[in-house]
file my_file.cif (mmCIF, C-alpha atoms)
data_entry
loop_
_atom_site.label_atom_id
_atom_site.label_comp_id
_atom_site.auth_asym_id
_atom_site.auth_seq_id
_atom_site.Cartn_x
_atom_site.Cartn_y
_atom_site.Cartn_z
CA MET A 1 44.42 -6.40 -57.87
CA THR A 2 44.84 -3.57 -55.35
CA VAL A 3 43.20 -0.16 -55.85
CA PRO A 4 45.90 2.43 -56.79
CA THR A 5 46.51 5.16 -54.20
CA ASP A 6 48.36 7.87 -56.15
CA GLU A 7 46.85 11.36 -55.99
CA SER A 8 45.72 11.48 -59.61
CA THR A 9 43.87 8.17 -59.38
CA THR A 10 42.29 9.11 -56.06
CA LYS A 11 40.83 12.32 -57.53
CA LYS A 12 39.36 10.41 -60.46
CA GLN A 13 38.02 7.71 -58.14
CA TRP A 14 35.75 10.12 -56.25
CA ILE A 15 34.81 12.50 -59.07
CA HIS A 16 31.25 11.23 -59.42
CA LEU A 17 30.58 11.31 -55.67
CA ARG A 18 31.97 14.85 -55.48
CA ARG A 19 29.54 15.93 -58.17
CA ILE A 20 26.72 14.79 -55.90
CA LEU A 21 28.08 16.12 -52.62
CA GLU A 22 29.61 19.41 -53.69
CA ARG A 23 26.79 20.96 -55.67
CA SER A 24 23.01 21.27 -55.51
CA GLY A 25 20.53 19.66 -57.90
CA PRO A 26 16.83 19.00 -58.57
CA PHE A 27 16.77 15.65 -56.71
CA LYS A 28 18.58 16.79 -53.59
CA ASP A 29 17.11 16.77 -50.10
CA PRO A 30 15.61 20.24 -49.41
CA ASN A 31 17.80 20.56 -46.30
CA PHE A 32 21.01 19.50 -48.05
CA GLU A 33 23.93 21.92 -48.08
CA PRO A 34 26.76 21.06 -50.53
CA SER A 35 30.20 20.80 -48.93
CA THR A 36 33.68 19.61 -49.79
CA GLU A 37 33.84 17.99 -46.34
CA LEU A 38 31.05 15.49 -46.89
CA LEU A 39 33.14 12.94 -48.77
CA SER A 40 35.62 12.61 -45.92
CA ALA A 41 32.72 12.40 -43.44
CA ILE A 42 31.69 9.08 -45.03
CA GLU A 43 34.77 7.50 -43.50
CA SER A 44 33.45 8.06 -39.96
CA VAL A 45 30.12 6.28 -40.57
CA ARG A 46 30.16 2.82 -39.00
CA ILE A 47 28.06 0.29 -40.88
CA LEU A 48 26.94 -3.25 -40.12
CA ILE A 49 26.22 -5.77 -42.89
CA ILE A 50 24.27 -8.85 -41.82
CA GLY A 51 24.97 -11.78 -44.12
CA ALA A 52 28.06 -12.53 -46.21
CA GLY A 53 26.37 -14.56 -48.93
CA GLY A 54 25.61 -13.57 -52.50
CA LEU A 55 23.96 -10.27 -51.58
CA GLY A 56 26.25 -9.55 -48.62
CA CYS A 57 29.42 -9.94 -50.69
CA GLU A 58 28.11 -7.50 -53.28
CA LEU A 59 27.11 -5.03 -50.57
CA LEU A 60 30.51 -5.21 -48.89
CA LYS A 61 32.31 -4.64 -52.18
CA ASP A 62 30.04 -1.72 -53.19
CA LEU A 63 30.25 0.09 -49.85
CA ALA A 64 34.02 -0.32 -49.56
CA LEU A 65 34.51 1.07 -53.07
CA MET A 66 32.21 4.01 -52.24
CA GLY A 67 34.57 5.12 -49.47
CA PHE A 68 32.97 3.65 -46.35
CA SER A 69 35.90 2.53 -44.25
CA GLN A 70 34.36 1.26 -40.99
CA ILE A 71 32.36 -1.83 -41.82
CA ASP A 72 31.41 -4.83 -39.67
CA ILE A 73 29.98 -8.00 -41.21
CA ILE A 74 28.19 -10.90 -39.50
CA ASP A 75 27.71 -14.41 -40.86
CA MET A 76 27.72 -17.71 -39.01
CA ASP A 77 28.17 -19.79 -42.18
CA THR A 78 31.19 -21.33 -43.87
CA ILE A 79 32.03 -21.35 -47.58
CA ASP A 80 30.72 -24.19 -49.72
CA LEU A 81 31.55 -25.15 -53.30
CA ALA A 82 28.01 -24.22 -54.37
CA ASN A 83 28.62 -20.60 -53.25
CA LEU A 84 31.42 -19.88 -55.70
CA ASN A 85 29.28 -19.18 -58.78
CA ARG A 86 27.86 -15.97 -57.27
CA GLN A 87 29.86 -15.06 -54.15
CA PHE A 88 32.86 -13.53 -55.89
CA LEU A 89 34.93 -12.72 -52.82
CA PHE A 90 35.59 -16.44 -52.31
CA THR A 91 37.72 -18.99 -54.17
CA LYS A 92 38.00 -22.77 -54.13
CA ALA A 93 40.85 -22.51 -51.63
CA ASP A 94 38.44 -20.86 -49.14
CA ILE A 95 35.99 -23.79 -48.94
CA GLY A 96 35.25 -24.62 -45.31
CA LYS A 97 36.40 -21.24 -44.00
CA SER A 98 34.28 -18.51 -42.38
CA LYS A 99 32.42 -16.38 -44.94
CA ALA A 100 32.69 -13.24 -42.83
CA GLU A 101 36.41 -13.64 -42.19
CA VAL A 102 37.36 -14.44 -45.79
CA ALA A 103 35.23 -11.59 -47.17
CA ALA A 104 36.80 -9.12 -44.73
CA LYS A 105 40.32 -10.25 -45.58
CA PHE A 106 39.66 -10.02 -49.33
CA ILE A 107 38.36 -6.46 -49.15
CA MET A 108 41.08 -5.17 -46.82
CA SER A 109 43.82 -6.66 -49.00
CA ARG A 110 42.59 -4.72 -52.02
CA ILE A 111 41.07 -1.48 -50.74
CA PRO A 112 43.46 0.67 -48.67
CA ASN A 113 42.20 2.35 -45.48
CA CYS A 114 39.07 0.17 -45.34
CA THR A 115 38.67 -1.72 -42.06
CA VAL A 116 36.27 -4.65 -42.16
CA THR A 117 35.59 -6.41 -38.86
CA PRO A 118 34.21 -9.95 -39.28
CA HIS A 119 31.95 -11.74 -36.80
CA MET A 120 31.39 -15.47 -37.27
CA ASN A 121 28.27 -15.46 -35.13
CA LYS A 122 24.52 -15.63 -35.15
CA ILE A 123 22.84 -12.24 -34.91
CA GLN A 124 21.17 -13.53 -31.75
CA ASP A 125 24.61 -13.78 -30.10
CA PHE A 126 24.66 -9.99 -29.63
CA ASP A 127 22.48 -7.64 -27.60
CA GLY A 128 21.44 -4.03 -28.00
CA SER A 129 24.78 -2.65 -26.80
CA PHE A 130 26.43 -4.20 -29.88
CA TYR A 131 23.89 -2.97 -32.41
CA SER A 132 23.81 0.53 -30.93
CA GLN A 133 27.39 1.09 -32.18
CA PHE A 134 26.23 1.38 -35.79
CA ARG A 135 24.84 4.32 -37.71
CA ILE A 136 23.22 2.11 -40.39
CA ILE A 137 22.44 -1.62 -40.57
CA ILE A 138 22.02 -3.47 -43.88
CA CYS A 139 20.52 -6.95 -44.21
CA GLY A 140 21.49 -9.37 -46.96
CA LEU A 141 19.66 -12.34 -45.46
CA ASP A 142 17.87 -15.37 -46.87
CA SER A 143 15.82 -15.95 -43.72
CA VAL A 144 12.53 -14.28 -42.76
CA VAL A 145 13.07 -15.41 -39.15
CA ALA A 146 16.41 -13.57 -38.97
CA ARG A 147 14.86 -10.44 -40.52
CA ARG A 148 12.09 -10.47 -37.94
CA TRP A 149 14.63 -10.86 -35.13
CA ILE A 150 16.84 -7.91 -36.10
CA ASN A 151 13.71 -5.84 -36.80
CA SER A 152 12.38 -6.46 -33.29
CA MET A 153 15.82 -5.81 -31.80
CA LEU A 154 16.03 -2.36 -33.39
CA VAL A 155 12.47 -1.56 -32.30
CA SER A 156 13.30 -2.57 -28.73
CA MET A 157 16.11 0.01 -28.76
CA LEU A 158 13.80 2.92 -29.62
CA GLN A 159 13.20 5.65 -27.06
CA TYR A 160 9.93 7.55 -26.70
CA ASP A 161 9.00 10.99 -25.40
CA GLU A 162 6.15 11.83 -23.03
CA ASN A 163 3.69 11.79 -25.96
CA ASN A 164 4.72 8.23 -26.92
CA ALA A 165 6.43 9.56 -30.06
CA VAL A 166 9.72 8.04 -31.19
CA ILE A 167 12.82 10.13 -30.43
CA PRO A 168 14.54 10.39 -33.86
CA SER A 169 18.07 10.09 -32.47
CA SER A 170 17.25 6.58 -31.16
CA ILE A 171 16.47 5.25 -34.65
CA ILE A 172 19.04 3.07 -36.39
CA PRO A 173 17.96 2.85 -40.05
CA LEU A 174 17.55 -0.68 -41.40
CA ILE A 175 18.07 -1.30 -45.11
CA ASP A 176 16.83 -4.71 -46.16
CA GLY A 177 17.53 -6.46 -49.45
CA GLY A 178 16.42 -9.84 -50.71
CA THR A 179 16.66 -11.86 -53.91
CA GLU A 180 15.13 -15.04 -55.31
CA GLY A 181 16.11 -16.03 -58.81
CA PHE A 182 15.40 -13.12 -61.16
CA LYS A 183 13.30 -11.27 -58.56
CA GLY A 184 14.47 -9.00 -55.78
CA ASN A 185 13.46 -6.23 -53.41
CA ALA A 186 15.01 -3.50 -51.31
CA ARG A 187 13.54 -1.25 -48.65
CA VAL A 188 14.47 1.46 -46.18
CA ILE A 189 12.97 1.09 -42.69
CA MET A 190 12.91 4.01 -40.28
CA HIS A 191 11.21 2.49 -37.25
CA GLY A 192 8.48 4.71 -35.89
CA TYR A 193 7.92 6.41 -39.25
CA THR A 194 7.73 3.68 -41.89
CA SER A 195 6.29 0.19 -41.90
CA CYS A 196 8.59 -2.44 -40.38
CA ILE A 197 9.27 -6.07 -41.29
CA GLU A 198 6.45 -7.28 -39.04
CA CYS A 199 3.97 -4.82 -40.59
CA THR A 200 4.48 -6.43 -43.99
CA LEU A 201 4.99 -10.15 -43.33
CA ASP A 202 2.58 -10.93 -46.16
CA LEU A 203 5.21 -9.62 -48.63
CA PHE A 204 7.41 -12.62 -47.89
CA PRO A 205 6.93 -16.15 -49.29
CA PRO A 206 5.00 -18.60 -47.09
CA GLN A 207 7.04 -19.81 -44.13
CA VAL A 208 8.95 -23.08 -44.31
CA ASN A 209 9.66 -23.13 -40.58
CA PHE A 210 6.63 -24.48 -38.79
CA PRO A 211 5.54 -23.92 -35.16
CA GLN A 212 7.08 -26.49 -32.82
CA CYS A 213 3.77 -26.97 -31.03
CA THR A 214 2.10 -27.92 -34.34
CA ILE A 215 4.95 -30.23 -35.36
CA ALA A 216 5.04 -31.99 -31.99
CA ASN A 217 1.34 -32.22 -31.15
CA ASN A 218 -0.98 -31.46 -34.06
CA PRO A 219 0.57 -32.19 -37.49
CA ARG A 220 -1.81 -31.35 -40.33
CA LEU A 221 0.45 -31.31 -43.40
CA PRO A 222 3.05 -33.71 -44.83
CA GLU A 223 5.61 -30.95 -44.22
CA HIS A 224 4.85 -31.15 -40.49
CA CYS A 225 5.70 -34.87 -40.48
CA VAL A 226 9.04 -34.29 -42.22
CA GLU A 227 9.85 -31.41 -39.87
CA TRP A 228 9.02 -33.58 -36.87
CA VAL A 229 11.56 -36.17 -37.99
CA THR A 230 14.31 -33.64 -38.80
CA SER A 231 13.89 -31.33 -35.80
CA ILE A 232 12.85 -33.76 -33.04
CA LEU A 233 13.50 -37.41 -33.98
CA TRP A 234 16.88 -36.98 -35.70
CA PRO A 235 18.58 -35.15 -32.77
CA LYS A 236 17.06 -37.68 -30.37
CA GLU A 237 18.07 -40.91 -32.20
CA GLN A 238 21.18 -39.67 -34.07
CA PRO A 239 20.78 -42.53 -36.59
CA PHE A 240 24.08 -42.03 -38.41
CA GLY A 241 26.29 -41.24 -35.45
CA GLN A 242 26.67 -38.55 -32.82
CA ASP A 243 26.59 -34.96 -34.15
CA VAL A 244 26.10 -36.12 -37.76
CA LYS A 245 23.98 -33.46 -39.49
CA ILE A 246 21.36 -34.15 -42.11
CA ASP A 247 22.77 -34.18 -45.65
CA GLY A 248 20.04 -33.29 -48.13
CA ASP A 249 21.99 -35.00 -50.92
CA SER A 250 22.45 -38.29 -49.05
CA VAL A 251 20.07 -41.01 -50.27
CA GLU A 252 20.47 -42.88 -46.97
CA HIS A 253 19.63 -39.81 -44.87
CA ILE A 254 16.57 -38.84 -46.92
CA GLN A 255 15.29 -42.41 -47.06
CA TRP A 256 15.54 -42.70 -43.27
CA ILE A 257 13.52 -39.48 -42.93
CA VAL A 258 10.94 -40.66 -45.50
CA GLU A 259 10.28 -43.89 -43.58
CA ARG A 260 9.77 -42.16 -40.22
CA ALA A 261 7.75 -39.29 -41.68
CA THR A 262 5.50 -41.75 -43.56
CA LYS A 263 4.81 -43.65 -40.34
CA ARG A 264 3.91 -40.43 -38.52
CA GLY A 265 1.71 -39.44 -41.44
CA ILE A 266 -0.19 -42.73 -41.20
CA ASP A 267 -0.71 -42.15 -37.46
CA HIS A 268 -2.31 -38.76 -38.21
CA ASN A 269 -4.09 -39.61 -41.51
CA ILE A 270 -1.67 -37.52 -43.59
CA THR A 271 -0.63 -38.60 -47.09
CA GLY A 272 1.68 -37.29 -49.84
CA ILE A 273 5.08 -38.11 -48.32
CA ASN A 274 7.64 -39.46 -50.79
CA PHE A 275 11.38 -39.22 -51.44
CA ARG A 276 11.28 -36.21 -53.78
CA PHE A 277 8.87 -34.25 -51.57
CA THR A 278 10.93 -34.98 -48.45
CA GLN A 279 14.20 -33.91 -50.08
CA GLY A 280 12.58 -30.65 -51.18
CA VAL A 281 11.45 -29.88 -47.61
CA VAL A 282 14.86 -30.77 -46.15
CA LYS A 283 17.01 -28.80 -48.62
CA ARG A 284 14.78 -25.72 -49.00
CA VAL A 285 16.66 -24.63 -52.08
CA ILE A 286 16.35 -20.92 -52.92
CA PRO A 287 17.56 -20.12 -56.45
CA ALA A 288 20.24 -17.42 -56.66
CA VAL A 289 21.34 -15.35 -59.66
CA ALA A 290 24.47 -13.19 -59.50
CA SER A 291 23.05 -10.37 -61.64
CA THR A 292 19.99 -10.01 -59.38
CA ASN A 293 22.26 -9.80 -56.34
CA ALA A 294 24.26 -7.05 -58.06
CA VAL A 295 21.14 -4.99 -58.87
CA ILE A 296 19.66 -5.20 -55.35
CA ALA A 297 23.03 -4.56 -53.71
CA SER A 298 23.46 -1.40 -55.78
CA VAL A 299 20.02 -0.15 -54.70
CA CYS A 300 20.83 -0.84 -51.02
CA ALA A 301 24.28 0.77 -51.27
CA THR A 302 22.75 3.88 -52.85
CA GLU A 303 20.34 4.20 -49.93
CA VAL A 304 23.23 3.84 -47.47
CA PHE A 305 24.99 6.69 -49.26
CA LYS A 306 21.85 8.84 -49.05
CA LEU A 307 21.48 8.17 -45.33
CA ALA A 308 25.14 8.83 -44.58
CA THR A 309 25.27 12.15 -46.45
CA SER A 310 21.63 13.40 -46.33
CA SER A 311 22.26 14.53 -49.91
CA VAL A 312 19.26 12.99 -51.68
CA MET A 313 15.74 12.07 -50.59
CA LEU A 314 15.44 8.43 -49.47
CA MET A 315 13.57 5.85 -51.46
CA ASN A 316 9.94 5.76 -50.37
CA ASN A 317 10.40 3.04 -49.36
CA TYR A 318 9.98 -0.45 -50.90
CA THR A 319 11.33 -1.31 -54.35
CA MET A 320 10.43 -4.47 -56.28
CA PHE A 321 12.62 -5.74 -59.12
CA ASN A 322 11.74 -8.43 -61.67
CA ASP A 323 13.61 -9.28 -64.86
CA ILE A 324 12.06 -12.63 -65.74
CA GLU A 325 10.47 -11.08 -68.85
CA GLY A 326 12.06 -7.73 -69.56
CA ILE A 327 12.77 -5.44 -66.59
CA TYR A 328 10.07 -4.32 -64.19
CA MET A 329 10.58 -2.09 -61.14
CA LEU A 330 8.06 -0.54 -58.78
CA THR A 331 8.58 1.62 -55.71
CA TYR A 332 5.79 2.25 -53.22
CA PRO A 333 5.36 2.85 -49.46
CA PRO A 334 3.79 -0.17 -47.68
CA GLU A 335 1.25 0.90 -45.08
CA LYS A 336 2.42 1.09 -41.47
CA ARG A 337 0.11 -0.98 -39.30
CA GLU A 338 -1.21 0.91 -36.31
CA ASP A 339 -1.73 -2.42 -34.52
CA CYS A 340 1.65 -3.92 -35.43
CA PRO A 341 2.70 -6.17 -32.53
CA ILE A 342 6.30 -4.97 -32.85
CA CYS A 343 6.50 -1.29 -33.85
CA SER A 344 3.16 0.15 -32.67
CA ASN A 345 4.29 0.23 -29.00
CA VAL A 346 0.82 -0.86 -27.88
CA PRO A 347 -0.20 -4.29 -26.54
CA VAL A 348 -2.12 -6.76 -28.69
CA ARG A 349 -5.68 -7.48 -27.57
CA ILE A 350 -7.31 -10.86 -28.14
CA GLN A 351 -10.95 -11.56 -27.32
CA MET A 352 -11.95 -15.11 -26.34
CA SER A 353 -14.31 -17.03 -24.13
CA GLU A 354 -12.95 -17.93 -20.71
CA SER A 355 -14.05 -21.51 -21.44
CA ALA A 356 -11.80 -21.70 -24.54
CA LYS A 357 -8.90 -24.14 -24.38
CA PHE A 358 -5.38 -22.77 -24.00
CA GLN A 359 -4.49 -24.63 -27.22
CA GLU A 360 -7.00 -22.41 -29.06
CA LEU A 361 -5.21 -19.29 -27.82
CA ILE A 362 -1.86 -20.67 -28.98
CA ASP A 363 -3.35 -21.49 -32.38
CA ILE A 364 -4.55 -17.89 -32.72
CA LEU A 365 -1.15 -16.48 -31.74
CA VAL A 366 0.73 -18.81 -34.09
CA GLU A 367 -1.51 -18.19 -37.08
CA ARG A 368 -2.09 -14.46 -36.64
CA TYR A 369 1.48 -13.48 -35.73
CA GLN A 370 3.40 -16.27 -37.51
CA LEU A 371 5.14 -17.62 -34.43
CA ASN A 372 7.33 -20.72 -34.53
CA ALA A 373 7.84 -21.78 -30.91
CA PRO A 374 5.90 -19.43 -28.60
CA LEU A 375 7.08 -18.97 -25.04
CA ILE A 376 4.24 -17.65 -22.84
CA TYR A 377 4.55 -16.10 -19.39
CA THR A 378 2.02 -14.38 -17.18
CA GLU A 379 1.49 -13.30 -13.59
CA ILE A 380 -1.29 -14.92 -11.57
CA ASN A 381 -2.06 -13.69 -8.05
CA GLY A 382 1.28 -11.92 -7.95
CA ASN A 383 3.27 -15.01 -8.95
CA ALA A 384 5.11 -15.41 -12.26
CA LYS A 385 4.01 -18.48 -14.19
CA THR A 386 5.27 -20.13 -17.37
CA LEU A 387 2.21 -21.25 -19.33
CA TYR A 388 3.97 -22.71 -22.35
CA MET A 389 7.55 -23.47 -23.39
CA THR A 390 8.97 -25.88 -25.97
CA SER A 391 12.66 -24.94 -25.95
CA THR A 392 13.57 -27.83 -23.61
CA GLU A 393 12.11 -31.33 -23.31
CA GLN A 394 11.56 -30.86 -19.57
CA MET A 395 9.56 -27.63 -19.96
CA ARG A 396 7.66 -29.01 -22.94
CA GLU A 397 6.42 -31.93 -20.84
CA ALA A 398 5.74 -29.70 -17.83
CA THR A 399 3.58 -27.23 -19.77
CA LYS A 400 1.94 -29.66 -22.21
CA PRO A 401 -1.04 -30.38 -19.84
CA HIS A 402 -1.95 -26.65 -20.02
CA LEU A 403 -2.96 -27.10 -23.65
CA ARG A 404 -6.06 -29.09 -22.64
CA MET A 405 -7.08 -26.68 -19.88
CA THR A 406 -9.47 -23.76 -20.27
CA LEU A 407 -8.26 -20.21 -19.81
CA GLN A 408 -10.36 -19.99 -16.66
CA GLU A 409 -8.81 -23.17 -15.25
CA LEU A 410 -5.36 -21.69 -15.82
CA GLY A 411 -6.32 -18.71 -13.66
CA LEU A 412 -6.53 -16.22 -16.52
CA THR A 413 -9.16 -13.51 -16.21
CA ASN A 414 -10.44 -10.60 -18.24
CA GLY A 415 -7.54 -8.14 -18.61
CA SER A 416 -4.80 -10.69 -17.92
CA GLU A 417 -1.54 -9.73 -19.62
CA LEU A 418 0.69 -12.30 -21.27
CA LEU A 419 4.28 -11.93 -22.41
CA VAL A 420 4.78 -13.94 -25.60
CA GLY A 421 8.30 -14.64 -26.79
CA ASP A 422 9.47 -16.43 -29.92
CA PRO A 423 12.81 -17.28 -31.58
CA ALA A 424 11.83 -14.95 -34.43
CA ARG A 425 11.80 -11.96 -32.08
CA ALA A 426 14.38 -10.26 -29.91
CA SER A 427 11.72 -8.92 -27.53
CA SER A 428 8.45 -10.22 -26.11
CA MET A 429 5.01 -9.26 -27.38
CA ARG A 430 2.46 -8.01 -24.84
CA VAL A 431 -0.97 -9.62 -25.15
CA ILE A 432 -3.99 -8.52 -23.14
CA LEU A 433 -6.91 -10.95 -22.97
CA SER A 434 -10.50 -9.77 -23.24
CA LEU A 435 -12.37 -12.76 -21.84
CA THR A 436 -16.11 -13.27 -21.94
CA SER A 437 -17.88 -15.66 -19.58
CA SER A 438 -20.13 -18.50 -20.73
CA MET A 439 -23.03 -16.63 -19.16
CA ASP A 440 -22.26 -13.52 -21.24
CA THR A 441 -22.16 -15.65 -24.37
CA SER A 442 -25.49 -17.29 -23.55
CA THR A 443 -27.12 -13.91 -22.88
CA ALA A 444 -25.80 -12.52 -26.15
CA LYS A 445 -27.40 -15.45 -28.01
#

call {"tool": "encode", "arguments": {"input": "my_file.cif", "output": "structure tokens"}}
result
Amino acid sequence: MTVPTDESTTKKQWIHLRRILERSGPFKDPNFEPSTELLSAIESVRILIIGAGGLGCELLKDLALMGFSQIDIIDMDTIDLANLNRQFLFTKADIGKSKAEVAAKFIMSRIPNCTVTPHMNKIQDFDGSFYSQFRIIICGLDSVVARRWINSMLVSMLQYDENNAVIPSSIIPLIDGGTEGFKGNARVIMHGYTSCIECTLDLFPPQVNFPQCTIANNPRLPEHCVEWVTSILWPKEQPFGQDVKIDGDSVEHIQWIVERATKRGIDHNITGINFRFTQGVVKRVIPAVASTNAVIASVCATEVFKLATSSVMLMNNYTMFNDIEGIYMLTYPPEKREDCPICSNVPVRIQMSESAKFQELIDILVERYQLNAPLIYTEINGNAKTLYMTSTEQMREATKPHLRMTLQELGLTNGSELLVGDPARASSMRVILSLTSSMDTSTAK
């Protein structure tokens, strides 16, 4: 069904928004000035939605119906039968097609004057020049890694004055929503003023993506053994044919993984690997409920409206929703970390002994900053040097001997600065080493 466009219907369509924008009220922003022009101004606000899944579809629908007419949407995924119970912009005929493209086509065919530009890409396919086009960015993601990446990208685009304060005009607000079953959350992030994704990593469930260095060299959990098979052995051996991806519902695929993971577990004294456990690790099923998506999407869309019109004070700034037993909601401002490795704009300092192994430093970085596959550069005697890289087999083998060397043997000294990259981040983290000598340690004792 297409939205009617006759004058009478159009007036009724926007009556509630006009009541907000054309008159004052007790909940309005102190600097807000009512105007009849504000409603039409919404049309000029360009918005980016990241994710066209259950939450992204709801967000796209809500924003288009609110009058936003310049919307881009990114999603690299295609439509699956399992999506249709909660992603209402898709039908059975769309299975196998691009989520972003089908969602855009659906909205534009039903809402006149709304232009939705789809991008069937990863967010990492674009750089800062792409993201700088948007006034507001909204995330409807199911991945902590992707959230961390877009968070670091927006921080990397900030500009600072001579006092190291963020220039407000360089901020692109990030509205983040997430759902899991009957629980959900939404938040408004103004980088430089509020806490960012990296400041509050402990709010997210434990990671299910494990560091490549741990998987490849030092497995400690049964999950590490399964991940080693799926991320390293499967691509190498291609047991069911070239370019055949792992099917979590295939008994043959899971059984093959179980056998290899069990063998690796035996080699490293790790137990607890069985068919059911392995399938759970491979599929990583996150429960989704349509009503929860609708609630969180409405909260996020409301915050977009507030930002676009400056009519009402923003949420401050993290809202939790839970309707497992009744309905519970709480809004509070998570603390902004002054030592956040992403948004604080100051380097991280790590104190160690110069006789410590390089592996120990990597373990600290991985555990403290939740890295997956750290890439570490430095400069020694004026020459750039790659200390660790796992993205290619050649570099992994070339830098693997460094793990057994001490920091002193690598040429690192007190005050050495490292650049640490990771797939979860769009920009590198600066790390300054505070190294103590063995003699200093002995004296202290």

call {"tool": "atom_distance", "arguments": {"input": "my_file.cif", "atom1": "CA of Gln70 in chain A", "atom2": "CA of Arg46 in chain A"}}
result
4.9 Å

call {"tool": "residues_around", "arguments": {"input": "my_file.cif", "residues": "range 301-316 of chain A", "least_positions_apart": "3", "cutoff": "7 Å", "atoms": "all atoms listed in the file", "output": "CSV table (one decimal) with C-alpha atoms, keeping the file's coordinate frame"}}
result
chain,number,residue,atom,x,y,z
A,21,LEU,CA,28.1,16.1,-52.6
A,27,PHE,CA,16.8,15.6,-56.7
A,28,LYS,CA,18.6,16.8,-53.6
A,29,ASP,CA,17.1,16.8,-50.1
A,32,PHE,CA,21.0,19.5,-48.0
A,38,LEU,CA,31.0,15.5,-46.9
A,42,ILE,CA,31.7,9.1,-45.0
A,45,VAL,CA,30.1,6.3,-40.6
A,59,LEU,CA,27.1,-5.0,-50.6
A,62,ASP,CA,30.0,-1.7,-53.2
A,63,LEU,CA,30.2,0.1,-49.8
A,188,VAL,CA,14.5,1.5,-46.2
A,297,ALA,CA,23.0,-4.6,-53.7
A,298,SER,CA,23.5,-1.4,-55.8
A,331,THR,CA,8.6,1.6,-55.7
A,332,TYR,CA,5.8,2.2,-53.2
A,333,PRO,CA,5.4,2.8,-49.5

call {"tool": "residues_around", "arguments": {"input": "my_file.cif", "residues": "Ile296 in chain A", "least_positions_apart": "6", "cutoff": "7 Å", "atoms": "all atoms listed in the file", "output": "ChimeraX atom specification"}}
result
/A:177,184-186

call {"tool": "atom_distance", "arguments": {"input": "my_file.cif", "atom1": "CA of Met405 in chain A", "atom2": "CA of Gly382 in chain A"}}
result
20.7 Å

call {"tool": "resolve_selection", "arguments": {"input": "my_file.cif", "expression": "the PyMOL selection byres ((chain A and resi 53) around 9)", "output": "list in words"}}
result
Gly51, Ala52, Gly54, Leu55, Gly56, Cys57, Glu58, Asp75, Asp77, Ile79, Asn83, Arg86, Gln87, Lys99, Ala100, Gly140, Leu141 and Asp142 of chain A

call {"tool": "atom_distance", "arguments": {"input": "my_file.cif", "atom1": "CA of Ile327 in chain A", "atom2": "CA of Thr200 in chain A"}}
result
24.1 Å

call {"tool": "closest_residue", "arguments": {"input": "my_file.cif", "among": "A:Val281, A:Phe182, A:Met190, A:Ala165", "to": "Leu221 in chain A", "atoms": "all atoms listed in the file"}}
result
A:Val281

call {"tool": "closest_residue", "arguments": {"input": "my_file.cif", "among": "A:Ser353, A:Thr292, A:Asn345, A:Thr390", "to": "Ile324 in chain A", "atoms": "only C-alpha atoms"}}
result
A:Thr292

call {"tool": "resolve_selection", "arguments": {"input": "my_file.cif", "expression": "the PyMOL selection byres ((chain A and resi 385) around 12)", "output": "ChimeraX atom specification"}}
result
/A:375-384,386-389,398-399,402,410-412,417-419

call {"tool": "residues_around", "arguments": {"input": "my_file.cif", "residues": "Arg264 in chain A", "least_positions_apart": "4", "cutoff": "7 Å", "atoms": "only C-alpha atoms", "output": "compact mmCIF listing (two decimals) with C-alpha atoms, keeping the file's coordinate frame"}}
result
# COMPACT_ATOMS: atom_id res chain seq x y z
CA CYS A 225 5.70 -34.87 -40.48
CA ARG A 260 9.77 -42.16 -40.22
CA HIS A 268 -2.31 -38.76 -38.21
